[in-house]
$ cat query-v8.cif   # mmCIF, C-alpha atoms
data_coords
#
loop_
_atom_site.label_atom_id
_atom_site.label_comp_id
_atom_site.auth_asym_id
_atom_site.auth_seq_id
_atom_site.Cartn_x
_atom_site.Cartn_y
_atom_site.Cartn_z
CA MET C 1 25.51 173.58 156.09
CA ILE C 2 24.39 170.02 155.37
CA SER C 3 20.96 169.35 153.86
CA ILE C 4 19.18 165.98 154.00
CA ILE C 5 16.64 165.55 151.22
CA PRO C 6 14.20 162.60 151.01
CA VAL C 7 13.72 161.15 147.53
CA GLU C 8 10.00 160.52 147.27
CA GLY C 9 8.01 158.62 144.67
CA ILE C 10 10.35 155.63 144.39
CA PRO C 11 8.13 152.78 143.13
CA GLU C 12 8.08 149.25 144.50
CA ILE C 13 11.43 147.71 143.60
CA ARG C 14 11.47 144.26 142.04
CA PRO C 15 14.28 141.82 141.21
CA GLY C 16 16.18 143.00 138.17
CA ASP C 17 15.34 146.69 138.54
CA VAL C 18 18.29 149.03 137.92
CA LEU C 19 18.45 151.22 141.02
CA ALA C 20 20.57 153.92 139.41
CA GLU C 21 17.95 154.32 136.71
CA VAL C 22 15.11 154.52 139.25
CA ILE C 23 16.96 156.98 141.48
CA ALA C 24 18.02 159.19 138.58
CA ALA C 25 14.39 159.42 137.46
CA HIS C 26 13.19 160.65 140.86
CA ALA C 27 16.08 162.68 142.30
CA GLN C 28 17.62 166.03 141.46
CA LEU C 29 21.28 165.21 141.98
CA ALA C 30 24.36 167.41 142.00
CA ASP C 31 28.08 166.71 142.07
CA ARG C 32 29.39 165.97 145.59
CA ASP C 33 26.03 164.76 146.86
CA VAL C 34 25.97 161.58 148.93
CA VAL C 35 23.10 159.25 148.04
CA VAL C 36 21.99 156.97 150.87
CA VAL C 37 20.07 153.88 149.76
CA THR C 38 18.42 151.41 152.11
CA GLN C 39 19.56 147.80 152.08
CA LYS C 40 16.00 146.61 151.53
CA ILE C 41 15.66 147.99 148.01
CA VAL C 42 19.19 146.89 147.13
CA SER C 43 18.36 143.35 148.22
CA LYS C 44 15.10 143.45 146.27
CA ALA C 45 16.78 144.68 143.08
CA GLU C 46 19.51 142.06 143.41
CA GLY C 47 17.02 139.24 143.95
CA ARG C 48 18.14 138.52 147.51
CA LEU C 49 14.64 137.36 148.45
CA VAL C 50 13.68 133.93 149.76
CA ALA C 51 10.18 132.51 150.10
CA VAL C 52 9.11 131.68 153.66
CA ASP C 53 5.92 130.43 155.32
CA PRO C 54 3.85 133.60 155.84
CA ASP C 55 2.03 132.05 158.80
CA ASP C 56 5.21 131.14 160.71
CA PRO C 57 6.86 134.16 162.38
CA TYR C 58 10.07 132.16 162.78
CA ALA C 59 10.22 130.63 159.31
CA HIS C 60 13.29 132.73 158.53
CA GLU C 61 15.47 131.08 161.20
CA PRO C 62 17.05 128.53 158.79
CA LEU C 63 18.06 131.49 156.62
CA VAL C 64 19.65 133.19 159.62
CA LEU C 65 21.83 130.14 160.24
CA ALA C 66 22.65 129.73 156.56
CA GLU C 67 23.79 133.36 156.31
CA ALA C 68 25.95 133.18 159.45
CA VAL C 69 29.55 132.08 159.73
CA ARG C 70 29.01 131.69 163.46
CA VAL C 71 26.44 132.29 166.17
CA LEU C 72 27.74 134.46 169.01
CA ARG C 73 24.68 134.44 171.27
CA ARG C 74 21.19 132.99 171.21
CA ARG C 75 18.14 133.80 173.32
CA GLU C 76 15.07 131.85 172.22
CA HIS C 77 14.40 133.11 168.67
CA LEU C 78 16.89 135.98 168.75
CA LEU C 79 20.35 135.19 167.42
CA VAL C 80 23.38 137.44 167.34
CA THR C 81 25.54 136.23 164.49
CA GLU C 82 28.57 137.10 162.43
CA THR C 83 27.88 137.24 158.70
CA ARG C 84 30.19 136.50 155.80
CA HIS C 85 30.67 140.25 155.45
CA GLY C 86 32.09 140.41 158.99
CA PHE C 87 29.02 142.17 160.40
CA VAL C 88 27.98 141.22 163.93
CA CYS C 89 24.22 141.75 164.04
CA ALA C 90 20.86 140.28 164.95
CA ASN C 91 19.64 137.38 162.83
CA SER C 92 22.38 137.73 160.17
CA GLY C 93 20.59 140.77 158.81
CA VAL C 94 17.69 138.62 157.56
CA ASP C 95 14.64 140.88 157.49
CA ARG C 96 10.90 140.46 156.92
CA SER C 97 9.77 144.03 157.60
CA ASN C 98 8.18 146.06 154.79
CA LEU C 99 7.89 142.92 152.68
CA ASP C 100 5.12 140.60 151.60
CA PRO C 101 4.77 138.12 154.53
CA ALA C 102 5.73 135.27 152.19
CA TRP C 103 9.23 136.64 151.64
CA ALA C 104 12.38 137.41 153.63
CA ALA C 105 15.24 139.60 152.46
CA LEU C 106 18.90 138.68 152.80
CA LEU C 107 21.75 141.16 152.89
CA PRO C 108 23.41 141.94 149.55
CA VAL C 109 26.28 139.59 148.79
CA ASP C 110 28.76 142.47 148.54
CA PRO C 111 27.29 145.82 149.70
CA ASP C 112 30.40 147.78 148.71
CA ARG C 113 30.07 146.43 145.17
CA SER C 114 26.37 147.30 145.20
CA ALA C 115 27.26 150.87 146.15
CA ARG C 116 29.83 151.08 143.36
CA ARG C 117 27.28 149.81 140.84
CA ILE C 118 24.76 152.49 141.85
CA ARG C 119 27.42 155.21 141.83
CA ASP C 120 28.66 154.24 138.37
CA GLY C 121 25.09 154.03 137.10
CA LEU C 122 24.25 157.51 138.39
CA ALA C 123 27.37 158.90 136.75
CA ALA C 124 26.31 157.34 133.44
CA ARG C 125 22.63 158.31 133.63
CA ALA C 126 22.64 161.63 135.48
CA GLY C 127 26.15 162.83 134.70
CA VAL C 128 26.96 163.45 138.37
CA ASP C 129 29.89 162.49 140.58
CA VAL C 130 28.33 161.38 143.87
CA GLY C 131 29.09 159.17 146.82
CA VAL C 132 26.78 156.28 147.69
CA VAL C 133 26.08 154.68 151.06
CA ILE C 134 24.07 151.48 151.51
CA SER C 135 22.35 151.68 154.90
CA ASP C 136 20.75 149.12 157.18
CA THR C 137 19.23 149.17 160.65
CA PHE C 138 21.38 147.68 163.41
CA GLY C 139 21.20 147.46 167.16
CA ARG C 140 24.25 148.47 169.18
CA THR C 141 26.04 146.65 171.96
CA TRP C 142 25.25 148.07 175.40
CA ARG C 143 22.74 150.60 174.06
CA GLN C 144 18.99 150.46 173.63
CA GLY C 145 17.35 151.42 170.37
CA LEU C 146 18.17 151.00 166.70
CA THR C 147 19.98 153.23 164.26
CA ASP C 148 20.96 153.04 160.62
CA VAL C 149 24.58 152.27 159.79
CA ALA C 150 26.53 151.85 156.57
CA ILE C 151 27.00 148.32 155.26
CA GLY C 152 28.52 149.47 151.95
CA CYS C 153 29.85 152.63 150.37
CA ALA C 154 31.49 154.00 147.25
CA GLY C 155 32.95 157.41 146.50
CA VAL C 156 32.69 158.58 150.09
CA ALA C 157 34.94 157.87 153.05
CA ALA C 158 33.88 155.12 155.39
CA VAL C 159 36.23 156.35 158.11
CA VAL C 160 37.95 159.72 158.46
CA ASP C 161 41.23 159.35 160.35
CA LEU C 162 41.90 162.34 162.59
CA ARG C 163 44.98 160.91 164.26
CA GLY C 164 47.83 163.39 164.13
CA THR C 165 45.54 166.42 163.95
CA THR C 166 44.90 168.65 166.97
CA ASP C 167 41.81 169.30 169.03
CA ALA C 168 40.42 172.72 170.00
CA GLN C 169 42.98 172.95 172.80
CA GLY C 170 45.90 172.16 170.52
CA ARG C 171 46.42 168.63 171.79
CA GLU C 172 47.32 166.00 169.21
CA LEU C 173 44.62 163.36 168.64
CA GLN C 174 46.01 159.87 169.15
CA VAL C 175 43.15 157.47 168.43
CA THR C 176 40.23 159.39 166.88
CA GLN C 177 38.81 157.83 163.73
CA VAL C 178 35.31 158.94 162.79
CA CYS C 179 32.98 156.53 160.98
CA VAL C 180 31.37 159.17 158.79
CA ALA C 181 29.63 156.53 156.65
CA ASP C 182 27.63 155.47 159.72
CA GLU C 183 26.93 159.09 160.58
CA LEU C 184 25.63 159.75 157.08
CA ALA C 185 23.45 156.63 157.19
CA GLY C 186 21.98 157.67 160.54
CA ALA C 187 21.37 161.22 159.36
CA ALA C 188 19.59 160.02 156.23
CA GLU C 189 17.30 157.78 158.29
CA LEU C 190 15.88 160.88 159.96
CA VAL C 191 14.07 161.73 156.71
CA MET C 192 13.53 158.17 155.46
CA GLY C 193 11.92 156.70 158.57
CA LYS C 194 10.97 153.07 159.09
CA ALA C 195 7.51 153.05 157.55
CA SER C 196 7.31 156.06 155.26
CA SER C 197 8.29 154.32 152.00
CA VAL C 198 11.23 156.65 151.42
CA PRO C 199 14.18 154.32 150.68
CA VAL C 200 16.60 156.92 149.29
CA ALA C 201 17.90 160.23 150.63
CA ILE C 202 20.39 162.80 149.39
CA ILE C 203 22.88 164.43 151.76
CA ARG C 204 24.21 167.67 150.33
CA GLY C 205 27.07 169.77 151.65
CA VAL C 206 29.41 167.16 153.10
CA ASP C 207 33.08 167.99 153.52
CA PRO C 208 34.62 167.57 150.04
CA SER C 209 37.62 165.82 151.59
CA TRP C 210 35.31 162.91 152.47
CA LEU C 211 34.62 162.17 148.80
CA ARG C 212 37.12 159.48 147.96
CA GLU C 213 37.20 155.79 147.18
CA SER C 214 36.45 153.69 150.21
CA SER C 215 34.98 150.43 151.50
CA VAL C 216 32.99 149.52 154.59
CA ARG C 217 34.50 146.05 154.60
CA ASP C 218 38.08 147.36 154.53
CA GLU C 219 37.70 150.38 156.80
CA VAL C 220 34.82 149.75 159.20
CA VAL C 221 34.61 146.03 159.93
CA ARG C 222 36.85 145.34 162.88
CA ARG C 223 39.13 142.36 162.51
CA PRO C 224 38.72 139.66 165.18
CA ALA C 225 42.36 140.09 166.19
CA ASP C 226 41.59 143.71 167.12
CA ASP C 227 38.33 142.90 168.92
CA LEU C 228 38.45 142.50 172.70
CA PHE C 229 35.09 140.68 172.78
CA ARG C 230 35.53 137.91 170.20
#

$ encode --input "query-v8.cif" --output "structure tokens"
Amino acid sequence: MISIIPVEGIPEIRPGDVLAEVIAAHAQLADRDVVVVTQKIVSKAEGRLVAVDPDDPYAHEPLVLAEAVRVLRRREHLLVTETRHGFVCANSGVDRSNLDPAWAALLPVDPDRSARRIRDGLAARAGVDVGVVISDTFGRTWRQGLTDVAIGCAGVAAVVDLRGTTDAQGRELQVTQVCVADELAGAAELVMGKASSVPVAIIRGVDPSWLRESSVRDEVVRRPADDLFR
């Protein structure tokens, strides 16, 4: 059985804060837990904040273009871009929600590295061996609604490859690769919410075989050569 536990009481995060220290002070962690941390507090701790005009709802657009390697589509003030990380998302991941109106948050420079830093810090401070997922809210092509996905991970599989195994009928799976990092991020969002000020959740009881070194950039981001739509 998997349990999803919100970590409550996390204070307002400011540039320079050590997230592992903050999380360790507010969470009861155990070996083999997966700690899901929202991108917003990672960006805050890493100083990925830029001042914008609080009275201009589109003041962040220059940041969107600066953070993009290319613009795929544009409709008025909505841009679908590809970031330096390889993510295809709205507005290069630049976000002004749950922030002072005078600031916008950029994505972490290297979310996988951010996850490794938190994981190593929790091992040092809490003495636990955990996986870490950095989550963010993305839209999905051809589907309405938003969901949280993984933009970085450490100590937990990004993708579990089931090719070569058999299904319930005994047939060999040929193409099935499960993005468990995205599934964990989406599951954690059920207890974190969008406006409840719960930026960290613990997922307990995951398959131990998932707990390995991994990377969203290496395992999840689809290369353009393998993409039928770019």

$ closest_residue --input "query-v8.cif" --among "C:Arg230, C:Arg119, C:Arg171, C:Arg70" --to "Asp33 (chain C)" --atoms "only C-alpha atoms"
C:Arg119

$ closest_residue --input "query-v8.cif" --among "C:Ala102, C:Ala30, C:Val71, C:Val191" --to "Phe87 (chain C)" --atoms "all atoms listed in the file"
C:Val71

$ closest_residue --input "query-v8.cif" --among "C:Gly139, C:Ala201, C:Phe229, C:Trp210" --to "Val7 (chain C)" --atoms "all atoms listed in the file"
C:Ala201

$ resolve_selection --input "query-v8.cif" --expression "the PyMOL selection byres ((chain C and resi 198) around 8)" --output "list in words"
Pro6, Val7, Glu8, Gly9, Ile10, Val191, Met192, Gly193, Ser196, Ser197, Pro199, Val200 and Ala201 of chain C

$ write_last_selection --input "query-v8.cif" --atoms "C-alpha atoms" --output "short mmCIF file (atom, residue, chain, number, x, y, z; two decimals), keeping the file's coordinate frame"
data_model
loop_
_atom_site.label_atom_id
_atom_site.label_comp_id
_atom_site.auth_asym_id
_atom_site.auth_seq_id
_atom_site.Cartn_x
_atom_site.Cartn_y
_atom_site.Cartn_z
CA PRO C 6 14.20 162.60 151.01
CA VAL C 7 13.72 161.15 147.53
CA GLU C 8 10.00 160.52 147.27
CA GLY C 9 8.01 158.62 144.67
CA ILE C 10 10.35 155.63 144.39
CA VAL C 191 14.07 161.73 156.71
CA MET C 192 13.53 158.17 155.46
CA GLY C 193 11.92 156.70 158.57
CA SER C 196 7.31 156.06 155.26
CA SER C 197 8.29 154.32 152.00
CA PRO C 199 14.18 154.32 150.68
CA VAL C 200 16.60 156.92 149.29
CA ALA C 201 17.90 160.23 150.63
#

$ resolve_selection --input "query-v8.cif" --expression "the PyMOL selection byres ((chain C and resi 147) around 6)" --output "PDB file with C-alpha atoms, keeping the file's coordinate frame"
ATOM      1  CA  THR C 137      19.230 149.170 160.650  1.00  0.00           C
ATOM      2  CA  PHE C 138      21.380 147.680 163.410  1.00  0.00           C
ATOM      3  CA  LEU C 146      18.170 151.000 166.700  1.00  0.00           C
ATOM      4  CA  ASP C 148      20.960 153.040 160.620  1.00  0.00           C
TER       5      ASP C 148
END

$ resolve_selection --input "query-v8.cif" --expression "the PyMOL selection byres ((chain C and resi 174-182) around 8)" --output "list in words"
Val133, Asp148, Val149, Ala150, Cys153, Val156, Ala157, Ala158, Val159, Val160, Asp161, Leu162, Arg163, Gly164, Glu172, Leu173, Glu183, Leu184, Ala185, Gly186 and Val220 of chain C
